[in-house]
Structures are given as structure tokens and as C-alpha cells.
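Engineer: Here it is: the structure, laid out below.
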2 protein chains.
Amino acid sequence: MTPTESAALKRPQKVLILGGGFAGLSCAKALTNPDFQVTLVDRWNHHLFQPLLYQVATAGLSTTEIAQPLRSILSDHKNVTTLMDEVVRIDLEGKQVITKERTLPYDHLVIALGAKTGFFGRNEWEPFTFGLKSLDDAMRIRREVLLAYEKAEAANDPAETARLLTMVVVGGGPTGVEMAGSLAELARVVLRDDFRHIDPTQSNVHLIEAGPKLLPVFPDKLTNYTREHLEDMGVKVHLNCPVSEMGPGYVIAGDQRIEANIIVWAAGVEASPVTKTLAGVPLDRGGRIQVQPDLSLPDYPQVYAAGDLVSLTDVNKVRVPGVCPAAIQMGQHIAKVIQDGDRIPYAYWDKGSMATIGRKAAVATFKGMNFRGFFAWLMWLFVHLLFLVGMRNRAAVFLHWVWSYFTWQRGARIILNRDE
Amino acid sequence: MTPTESAALKRPQKVLILGGGFAGLSCAKALTNPDFQVTLVDRWNHHLFQPLLYQVATAGLSTTEIAQPLRSILSDHKNVTTLMDEVVRIDLEGKQVITKERTLPYDHLVIALGAKTGFFGRNEWEPFTFGLKSLDDAMRIRREVLLAYEKAEAANDPAETARLLTMVVVGGGPTGVEMAGSLAELARVVLRDDFRHIDPTQSNVHLIEAGPKLLPVFPDKLTNYTREHLEDMGVKVHLNCPVSEMGPGYVIAGDQRIEANIIVWAAGVEASPVTKTLAGVPLDRGGRIQVQPDLSLPDYPQVYAAGDLVSLTDVNKVRVPGVCPAAIQMGQHIAKVIQDGDRIPYAYWDKGSMATIGRKAAVATFKGMNFRGFFAWLMWLFVHLLFLVGMRNRAAVFLHWVWSYFTWQRGARIILNRDE
């Protein structure tokens, strides 16, 4: 190192983190060394606990219970500045990021912009479906679901009523399973006594999966249990049933055409489109960045990526999945590499997988041990409360769940935006 | 009574209630006799606890905590049907109500459509201001207030920063006082440590009142206390200062021009414009219906009005104010008149008035007894929790308040609707 380089490193170094999800936030929190001036940019003002988003979409929780303002989480981190802004382009050569409002230079860059709903090349389906990645998405689904019942109560045509009470969820992963279960419960239990002209228990919830099983990462025993449990709850599960066509108010899957008021797309995600602005950086088919073992970009050792937009087989030959624990671990790993300067490789620590199926059943798998039913559901509750950011949100969600458990009610059945 | 009339009265009679606010809901709940088929129409799907709306607007409570679905409140009232629809016109001669979606005939009609923000003939000011009557209104204010701080953090021009951090509340009644106090507290306490480039405590909150005192219905001792307390909190109180002009981002009041990012209009309300469709019915200047002592309309004994759109000096010569207890009492009174057939006159039971000024002070007056400070604030909390509909909402709001009291934080600082 020349004296000039050494002096340059002495000045506070600028770390720019793009995205305030699990990866970006855990990285910002771990960068505690005041020699690093950290700027965290997110298009929203809040960190969102995505695993519970389906509960907001189905009127179980309110938006504020699963979101926390980024600048309040980072209030005590005096070396961290939070900016609400949208990333447009990353200029690796110029060592700067262009946002909607400004240009931000960096010494170290952490790309943690996450994923968005992906349609495997069929982007023309987007207008007919609801994705589930942001609070706005969840609020739109909540609004449409609740409005459908209001419209059905007033409708006179039986075919129209049937269409209004039909909901389709595409994709049999955890989000699809949880969404379908929650919609079925809303119809069969929560809304049961609240209408005079329609019978909400006659609603149809379809869960459509292209592959041969639900929850592909789980062992067969648990996925069969999941399917049976969903069917007991009234969900119509369609396996080996890829969607071939879609339009306003209908979906064709396998050899069936289903007329549906709401189609929720939980079949896939792709990396934030910003990755496409990274000239010369290798991406996989889903737009994910193929990073080095230490999570830096090939040829750009000061630029890192973390979370859902990373494609990596780790040092133990484990394919890193797009889940919260991986995102948190990656964010912390990058903070360590930046602060310590040691380029140690990242190793994914598998904390297992879980998914809830309705009100008091879940499946969980952890290092070869499998759990299902009520006990798995309690585990699911505990883990989700633990990871939720903020004591108030934990207390509020806990209270909400206890109340819902005993009353069979949901606390957020409110339609906003009259004139949307 | 002829045999035909007697037979006609035997069939279940149709009671149509317009509006699910305090008046309409209390009327629907009190109509327990199954001989009456009740239909409740509201443009929203929820009953809203308006007295706490200012806390939603200032990020203290979430929307779902002060709203409850009408059909879930009325779930056990099997003779009540709830419809989400908007009233367009009332046809008194045809005994029917025309809504956006349908025509509804009635035997008894209860008009309880409430009030909307009123500008005393200066409707051209509406686009420059935020009213505070619905959850949508509150969400818009919350969004603009939170966004103003985000923009200020990123702004480089000191004049622009000052403008972004200036908020004006017009109207010194309870809503204006509570709103101004809550905005000042947000700036001075809640946001204090969360920014790096601006100092939120330098925000300016102006409370503008045309008359000589705040809270006109309270005794001077309490209104002086209110003004002093607000000024201690940093609110700039302007008395005898009518607004003479307004435009995008500024207001002229008295001899001052204030550049402000947000102007909240809490200066007046007028009756729902539907009252203007009542041919031949006497209205006061604010569009309120001048009802008979039993709350029926002159010449239309089967048509009643209740709540904020009623103009009445009651049987005890007391002018009935536009407050929740009066609305609830009127709704119950009408239910009694309809069910029992006795045309007894309505007598307002004054339950006193209260207003909160920030985090732990309030003023209350009840039958000549005056309270202020911490004790009055505890009274305020207790009364508001009591009147809030739904055990879950009570528990959630109570938890929220306890948490806010000890942490000085607010739980709903979330910006939604990225693309609005």
C-alpha cells in the first residue's frame, strides 16, 4: 500500500447499501464501526416483514404491524443515514449509483434490492394478477377480496356471484399455500355469519401448481399432509397443472378454465431489474447476480450483493435459497468483510423451512427432523414473532393472533381508497 | 285503522338507515324487533371512530384500530342487512332512496349521513387543504407529513426545508387543537433522533383560529390553559385570525402569509350534500335538516334524521351539538319511536366535552365541573376506549397508547401508495 492509498483509507469510507429488506438492514445494523459512513437507500420508508404479508392481504393483520420505519430502526446508529429514494442504475466504473433524485458515490456498495414478482417471460399476464411483494400489493388484494364479497351480496345473477366468490392462487410454494389457506379460512369461518344474501362458505379457492407437489423443498410426508389439510379446509388443489393462458377474470390451467374474480400470482420471483444495469456482471436466468464466494462481484471486490437477488452455491456446495435467514446472514457477512477486510467465504446456515396451513396447523423441517400440525404451528408463531422487528409490532401481532385464535375473527377487514 | 292498513302493518316493515356512523349504527343496533327488516347503507364497509382520526393522521394509530366492519358489528342482528353503496338522492314522495347501484324502497327512513368538510362558501380552497373526515383523509395527511420529512432530509435549499417543515392547522375546535398538538409532538419528540441532515424540532406548527379563543364551548380557564399548553409544545397559536386567502402551499391569515407544505382544514363542517335532494324540507345554512322534536321530518312522519346533519333545539331548549353522544342518543331515540310508535320528543343528555392536548394533558368540562392536565387526560383515554367499538380495537389501542406513553414513539409511521 502506498502512503496515498493508506491516507485515502483513513478518511471515513462511504458504504452505500441499496435496499432496506432483511439483507440490507442486517448489513447496516452490523456496520457499527464509525469509520464507515453508511447510507441506506430504499424506495419505501419502512422495513417490511414479508413472511407475514399474506396475513395483511387476507385482513388478518394491519399494515403497520408488519412494517417498521427504517430510520426509526436505525435511529441509534449515528453513522447510518437513511434515504427514501429509488435506484435507477448502478455505474460500477464510476463508482456511483444513480437514483431518481440524485447521484450517490460510494467506496463500498451493497446491492440488496431483493426480488419482484416474476412471470417466466409471460409479463403480459401481470395486469390480470395480484403479486404479493409490498404492502401496496397486500392492500390491493385485501381490498379486492373484501369488495368481492360486498359486490356478491348485492348481485342478482348467480353466475356473477359464483365468479365473485372464486379466487385463484397460482404457485404451490409457501406463499401460495399460506395465501390459499388463509383465503379459504376467511370464506368458511370469518365471514360465515356476516352476509344475508350470499353464503360465503360457498366460495371457491383454487391453488394451482405446475409441478407434482406443493412445498417442493419439504419431504413428501409433509407436502401430502399439507395438501390434505388444505383440501379439508375447502381449497381445491390442482397439481401438475401449469397455467397456459390468462385474461381478465379467467385462468386456463391444465385442461380447465376457471372464471375467477381474483388471481394471486405466487408462482415465481425474479431479481430486481436494476441488476440488468450492471454492465458485464454475470446474471442467472432469473436476473440474479452470480457472486464470488465472499459475496462480492467478479472484478469488483468493493461491490457486494446479498439476499434474493444473489445466485450462489456456497463453500459447502449448498445452493443458497431465497429465504429471510439467508438474506440476514449475507448482510451480516458483508458487513464483516467490509469492516475486517478478511475475504472469508460465506457459508449458508440452514435454519430449516416452515409454512403455515390455516389457523392451527403448519409444517416444518429442520436438519432431517419433520414437524406438522399444532406443534409446528406454535413453532411457526414463535419464530415469526422472534424475527419481527420492533417490540411493539411483536406485542401487537401476538395480541392480534391470540384474539383471532379465540374469536375466529380478523381485525383488518377495512376497505380503503373508495375511488381507486 | 282499516283492515287493509292493519294487514299492511302486519307484514315486516322495511326500515332503511342511511349511514353507518354513530347515529345510524346505534339505531340499527337498537332495532331488535324482528318485525322490522332493517337495511343499513354506507359508502364504506366500516364504522369509523372519528374522534381518534387525528391519531391515524399523525401516525399514532393504524387505520384498522379505529374502524370496524359494519357487517361484523351487526353479525348477530339477523334482521339487519348491510350494504356498501353510495346514496345519490332521496325520493320522499316515492318513498325510495336512489343509490349508485340500485333503488331501495322503505316504510321508515333514517337519514344519518353525517357531515363533510365545509369551507363556508370558499370551496375553491378545498384542493389546497386536507380535510379529516374519513380514513382516506387521515391516510393522505399521514403520507404527506411523513413524506415532507423524507423530502426535507434530502433537500439542499434551506427555504425549501423550512417550507417542508411548516404545517398549518386551520380551526381551533377540538379537532384542530388535537391535530396541532399531535403534529408538534411528532416533530419535537417522536422524530427528534431519526434524521441526520435536518432537525425535526425546528418544524413549525401553526394553529389558526378566526375567533377570539380556542375550544369555544369550553370555559375561559380551560381554553387559556389549552393555548398555553400548546404554546409550550411549540405550536404557534393565532387567534382572531381569519383566513382570507389560500393557494398551493400558502395561506394568508390576518396580516400574515405562511408558506406551508400542509394545510389541514378543521374549521368547519356542513351536512352531507344529499340533504339538498330533499325537496321542500327546511335546511339551515350548513345544509342541516330542521327536524321535529321527535326527530322526524316536517310532513314526513316516517322519515327521520339523526347525527351531524340535524339542526335542532331540543325539548329543554338546548341546542343539540354535532358530537358523538348526541348522534348515538338520536339513533337510539328514533329506533324507540319506530318500534314503540310513541312520538316522544328527543332530549339531549349532555355528557360534557373533552379535548386532548398532546401526550399527557387534556381539558374536560362536565355540568359545570372543569378538569385539566394529567387527570383529564386519563379521563379522556378511558372515555375514548369505552366508546371504541370492538374489544380487539380497545385492547390494541390501549396497548398502543401504553407503549407510546413509555417509549415516546408512534407505531404507524408507514408511507403507503408509492405512486400516488
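Labeling convention for the C-alpha cells: chains A, B, ... as they appear, residues from 1 per chain, ligands from 1 in order of appearance.
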As a PyMOL selection string, list the residues of region 169-387 of chain B assigned to helix (DSSP H, G or I) by DSSP on the backbone atoms of this structure.
Structural biologist: chain B and resi 174-190+200-202+220-232+273-277+307-309+324-340+374-387
Engineer: Would you give me, as a ChimeraX atom specification, the residues of chain B that come within 9 Å of chain A, using only C-alpha atoms?
Structural biologist: /B:43-46,61-65,67-69,71-76,78,80-84,101,135-136,146-147,150-151,153-154,191,193-197,392-393,395-396,399-400,403,411-418
Engineer: Just to be explicit: take each residue in the selection above, keep C-alpha atoms, and write the result as a CSV table (one decimal), in the first residue's frame.
Structural biologist:
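Heads up, here's the output in selection-v3.csv:
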```
chain,number,residue,atom,x,y,z
B,43,ARG,CA,-70.4,4.1,1.3
B,44,TRP,CA,-67.7,2.4,3.4
B,45,ASN,CA,-67.6,-1.1,4.7
B,46,HIS,CA,-66.8,0.1,8.2
B,61,LEU,CA,-52.7,4.6,15.4
B,62,SER,CA,-53.3,2.4,12.4
B,63,THR,CA,-56.4,2.6,10.3
B,64,THR,CA,-57.7,-0.8,11.4
B,65,GLU,CA,-57.6,0.1,15.1
B,67,ALA,CA,-62.5,1.1,12.3
B,68,GLN,CA,-64.7,-2.0,12.5
B,69,PRO,CA,-66.6,-3.7,9.6
B,71,ARG,CA,-71.4,-6.2,8.9
B,72,SER,CA,-69.2,-7.8,11.6
B,73,ILE,CA,-70.6,-5.4,14.3
B,74,LEU,CA,-74.1,-6.4,13.1
B,75,SER,CA,-73.4,-10.0,12.5
B,76,ASP,CA,-75.7,-11.2,15.3
B,78,LYS,CA,-80.2,-11.2,11.9
B,80,VAL,CA,-80.2,-6.2,9.7
B,81,THR,CA,-78.8,-6.3,6.2
B,82,THR,CA,-75.7,-4.2,5.5
B,83,LEU,CA,-75.0,-2.8,2.0
B,84,MET,CA,-71.9,-1.0,0.8
B,101,GLU,CA,-76.2,0.7,-7.6
B,135,LEU,CA,-59.7,7.1,6.9
B,136,ASP,CA,-58.6,8.0,3.4
B,146,LEU,CA,-44.1,11.7,6.7
B,147,LEU,CA,-43.0,12.4,3.1
B,150,GLU,CA,-38.2,12.5,3.9
B,151,LYS,CA,-38.0,15.2,1.3
B,153,GLU,CA,-33.8,15.2,4.7
B,154,ALA,CA,-32.8,15.2,1.1
B,191,LEU,CA,-38.8,12.2,15.0
B,193,ASP,CA,-33.3,11.5,16.6
B,194,ASP,CA,-34.2,9.9,13.3
B,195,PHE,CA,-32.7,12.3,10.8
B,196,ARG,CA,-29.1,13.3,10.0
B,197,HIS,CA,-29.4,16.4,7.8
B,392,ARG,CA,-59.9,-6.1,19.9
B,393,ASN,CA,-59.7,-2.5,18.9
B,395,ALA,CA,-57.1,-3.8,23.5
B,396,ALA,CA,-55.0,-2.8,20.5
B,399,LEU,CA,-51.6,-1.4,24.1
B,400,HIS,CA,-50.5,1.1,21.5
B,403,TRP,CA,-46.3,1.7,24.5
B,411,GLY,CA,-46.4,2.9,15.7
B,412,ALA,CA,-47.8,3.8,12.3
B,413,ARG,CA,-45.1,5.8,10.6
B,414,ILE,CA,-45.6,3.9,7.3
B,415,ILE,CA,-45.8,5.5,3.9
B,416,LEU,CA,-48.0,3.6,1.5
B,417,ASN,CA,-49.0,4.2,-2.1
B,418,ARG,CA,-45.6,4.8,-3.7
```
Engineer: Would you mind reading off the distance between CA of Gly20 (chain B) and CA of Asp342 (chain B), one decimal, in Å?
Structural biologist: 24.5 Å
Engineer: As a count of residues only, please: every residue in region 22-239 of chain A that a backbone DSSP assignment puts in strand (DSSP E or B).
Structural biologist: 52
Engineer: Would you kindly return, as an mmCIF file with N, CA and C atoms, in the first residue's frame, each protein, DNA or RNA residue with an atom no farther than 7 Å from any atom of Thr58 (chain A), considering only C-alpha atoms and excluding same-chain residues fewer than 3 positions away?
Structural biologist:
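As written to disk, selection.cif reads:
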```cif
data_model
loop_
_atom_site.group_PDB
_atom_site.id
_atom_site.type_symbol
_atom_site.label_atom_id
_atom_site.label_comp_id
_atom_site.auth_asym_id
_atom_site.auth_seq_id
_atom_site.Cartn_x
_atom_site.Cartn_y
_atom_site.Cartn_z
ATOM 1 N N TYR A 54 -48.934 -12.156 3.583
ATOM 2 C CA TYR A 54 -50.206 -12.804 3.204
ATOM 3 C C TYR A 54 -51.277 -12.553 4.256
ATOM 4 N N GLN A 55 -50.897 -12.322 5.501
ATOM 5 C CA GLN A 55 -51.896 -12.059 6.542
ATOM 6 C C GLN A 55 -52.477 -10.651 6.409
ATOM 7 N N ARG A 142 -56.328 -7.251 -0.364
ATOM 8 C CA ARG A 142 -57.318 -7.152 0.711
ATOM 9 C C ARG A 142 -58.564 -6.427 0.226
ATOM 10 N N SER A 182 -55.375 -19.173 3.952
ATOM 11 C CA SER A 182 -55.929 -18.018 4.633
ATOM 12 C C SER A 182 -57.200 -17.519 3.946
ATOM 13 N N LEU A 183 -57.229 -17.559 2.616
ATOM 14 C CA LEU A 183 -58.443 -17.159 1.881
ATOM 15 C C LEU A 183 -59.592 -18.123 2.174
#
```
Engineer: Excluding Gln96 (chain A) and residues on its chain fewer than 5 positions from it, collect all residues at most 8 Å away from it, counting only C-alpha atoms, and give them as a list in words.
Structural biologist: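 Counting only the stated atoms, we get Ile90, Asp91, Thr103, Leu104, Pro105 and Tyr106 of chain A.
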